[in-house]
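Reviewing the structure listed below.
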Amino acid sequence: MKNSLLFLIFIALWFNCFSQTYTPPSDPKVTANLAQWGDKKFGLFMHWGIYSIPGIVESWSINSEDADWIPRDSTKNYDEYKKWYFDLNKQFNPVKFDPTIWANYAKKAGMRYVVFTTKHHDGFSMFDTKQSDYKVTNAAVPFSLHPKANIVKEVFTAFRDQGFMIGAYFSKPDWHNENYWWPRYATPDRNNNYDIRLHPQRWKNFKQFTYNQLEELMTDYGKVDILWLDGGWVRPKATVNAEVLSWGAPIPAWDQDIDMPNISKMARAKQPGLIMVDRTVHGEYENYQTPEQKVPEKPLDYPWETCMTMGNAWGYVPNDNYKSTNTLIHLLVDIVAKGGNFLLNIGPKPDGTLPEPALQRLTEIGAWMDINKEAIYATQPIAPYKTDNVCFTRSKNGSIYALYLLDEKIKLSSKITIKSPPKMPKKLTLLGVKSTIKWRKLGDNLEVILPVGIRYLKHALVFKLD
Ligand code: JFZ
């Protein structure tokens with residue numbers, strides 16, 4: 001009897017510990033902030049750094065792993081290339097940088113929060129850190145003389161002034177820092193390049209450096225709502241799971257534990273209620289999950305956000321292939337109908353402006369949001385979530401919306417079907433149209449007679465079922 005009870009307890013603990021990938025926050029302030037963030041639905045992700053100057057992949061080209069998605073100029077040997085890349089700081093001079101323009105476009109597009117790269121894996125700090133000279137405000141950087149040189153402060157202020165929630169992207173690994181990539185050894189892959197078990201003090205120094213930089217960001221840059229920590233391979237070894245193994249990168253024999261409990265204690269003392277996203281590490285410091293470049297098939301039963309590039313690259317690359325406005329709106333609708341947020345990324349150009357195709361898409365998305373935002377903001381998923389090309393959302397006051405995705409290549413017929421709506425309405429309206437909408441029940445479906453003269457409604461028709 002006793003053994004079987006012990007066995008059952010063991011199974012329960014195992015299940016809870018390993019099968020669960022989401023740990024709800026225990027702090028009510030975090031829970032409240034998470035709900036506020038969840039209502040925002042649409043955010044702007046921005047990757048901006050020295051990689052934007054040549055228009056190449058952010059940081060990764062100095063990583064020596066042999067992967068097709070890590071291109072590198074092969075006319076230089078690796079050490080020459082790394083020096084060339086790290087010296088790009090001496091060319092950073094975005095003279096047209098004006099984050100107020102960025103914030104205005106993003107707000108008009110319907111975006112309500114921003115996540116900005118304060119430091120990517122290459123270690124170049126886009127803020128005036130006192131922990132390193134490898135920063136935008138150092139005299140080696142031409143832009144350091146500009147009044148807006150403390151870029152993170154300027155970006156956070158400009159977006160906060162427009163009512164945005166503020167997110168700080170911060171890379172846990174720092175490939176420029178001598179206590180992560182020790183110059184004494186080669187740098188064969190993304191991991192720190194020495195055995196921490198043999199050099200504990202060096203790793204201790206790196207933990208302190210990281211803590212100090214995060215303390216600066218949590219102290220000197222105003223209210224920060226989200227700490228978005230990237231570089232998931234920097235984690236306690238015990239947390240390495242199938243997802244990490246799927247990345248195909250070497251797993252060190254030692255522990256790259258950055259001491260999240262210590263960071264979290266400080267960060268939340270400075271920023272009460274701070275949402276923390278220790279990406280892919282899961283556990284109590286990942287308050288929401290961040291599927292990257294993909295949308296989950298079904299709604300998830302925990303908070304989540306799809307992060308996705310508007311083009312193909314996170315940073316600015318010339319002639320990037322930007323997704324159409326139609327595709328972007330369909331992604332937003334699909335994500336929101338499944339209960340997620342859409343963090344859409346734009347990489348600013350080396351001169352500080354946003355690429356024209358990105359501005360055009362922000363403007364067009366904004367025109368659609370102006371008409372249909374009530375079906376997006378502060379909504380919840382409602383079964384059946386999506387049938388064919390129709391997504392469903394539910395507002396907090398109980399209104400149900402059917403978002404009928406339009407294919408730009410197909411002429412819209414005068415009669416459309418909404419399959420298996422969550423309920424049969426007493427009254428049906430089409431957002432953006434004053435006239436009443438004729439419809440009839442066909443079995444479990446709604447057949448809708450579209451009014452004439454609605455060609456100005458593009459990308460998705462949004463019906464309100466009252
Ligand atoms: C990470 C960053 O590395 C990337 O540069 C970008 O900032 C993105 C938003 O976040 O993306 C990853 C994450 C994991 C891997 C590669 C890129 N991986 O495991 O190979």
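Ligands are numbered from 1 in the order shown, residues from 1 within each chain, and chains are lettered A, B, ... in the order they appear in the structure tokens.
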Legend entry - Cut-off 8 Å, only C-alpha atoms and all ligand atoms, neighbours of ligand 1 as number ranges by chain: A: 47, 57-60, 120-121, 230-233, 244, 246-249, 292, 307-308, 314
Inset, instruction - as a PyMOL selection string, list the residues of stretch 306-461 of chain A assigned to strand (DSSP E) by DSSP on the backbone atoms of this structure. - result: chain A and resi 306-309+341-346+379-387+390-395+400-405+415-418+428-430+438-442+445-449+460-461
Inset, instruction - Could you give me, as a PyMOL selection string, the residues within 9 Å of A:Lys108, counting only C-alpha atoms and dropping anything in the same chain fewer than 6 positions from it? - result: chain A and resi 362-363+365-367+369-370
Legend entry - Nearest residue to A:Met260 from the set A:Thr219, A:Lys172, A:Thr117, A:Gly339 (distances using only C-alpha atoms): A:Lys172
Legend entry - Contacts of A:Lys96 within 9 Å, only C-alpha atoms, excl. fewer than 3 positions in-chain, as a ChimeraX atom specification: /A:93,350-353
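The list of residues with at least one atom within 8 Å of A:Met424, based on only C-alpha atoms and without residues fewer than 6 positions apart in the same chain, reads Lys441, Leu446 and Leu465 of chain A.
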Would you save the residues of that selection, restricted to C-alpha atoms, as a PDB file, in the first residue's frame?
```pdb
ATOM      1  CA  LYS A 441     -30.039  30.702 -40.941  1.00  0.00           C
ATOM      2  CA  LEU A 446     -25.286  31.922 -41.416  1.00  0.00           C
ATOM      3  CA  LEU A 465     -23.396  39.075 -33.933  1.00  0.00           C
TER       4      LEU A 465
END
```
Legend entry - Minimum-distance residue to A:Glu356, chosen among A:Asn319, A:Met266, A:Thr417, A:Tyr456 (using only C-alpha atoms):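 Smallest separation from A:Glu356 among the options: A:Asn319.
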Legend entry - Non-local contacts of stretch 197-210 of chain A (6 Å; only C-alpha atoms; under 3 positions in same chain excluded) as a ChimeraX atom specification: /A:179,213,258
Inset, instruction - May I have the residues within 12 Å of A:Asp320 as a ChimeraX atom specification, using only C-alpha atoms and disregarding those fewer than 6 positions away in the same chain? - result: /A:55-57,309-314,346-347,349,355-358
Legend entry - Which of stretch 293-431 of chain A DSSP labels alpha helix (DSSP H), written as a PyMOL selection string: chain A and resi 325-337+356-372
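Here atom CA of A:Tyr113 is placed at a distance of 12.4 Å from atom CA of A:Asn33.
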Inset, instruction - Work out how far atom CA of A:Ser52 is from atom CA of A:Phe116, in Å to one decimal. - result: 14.0 Å
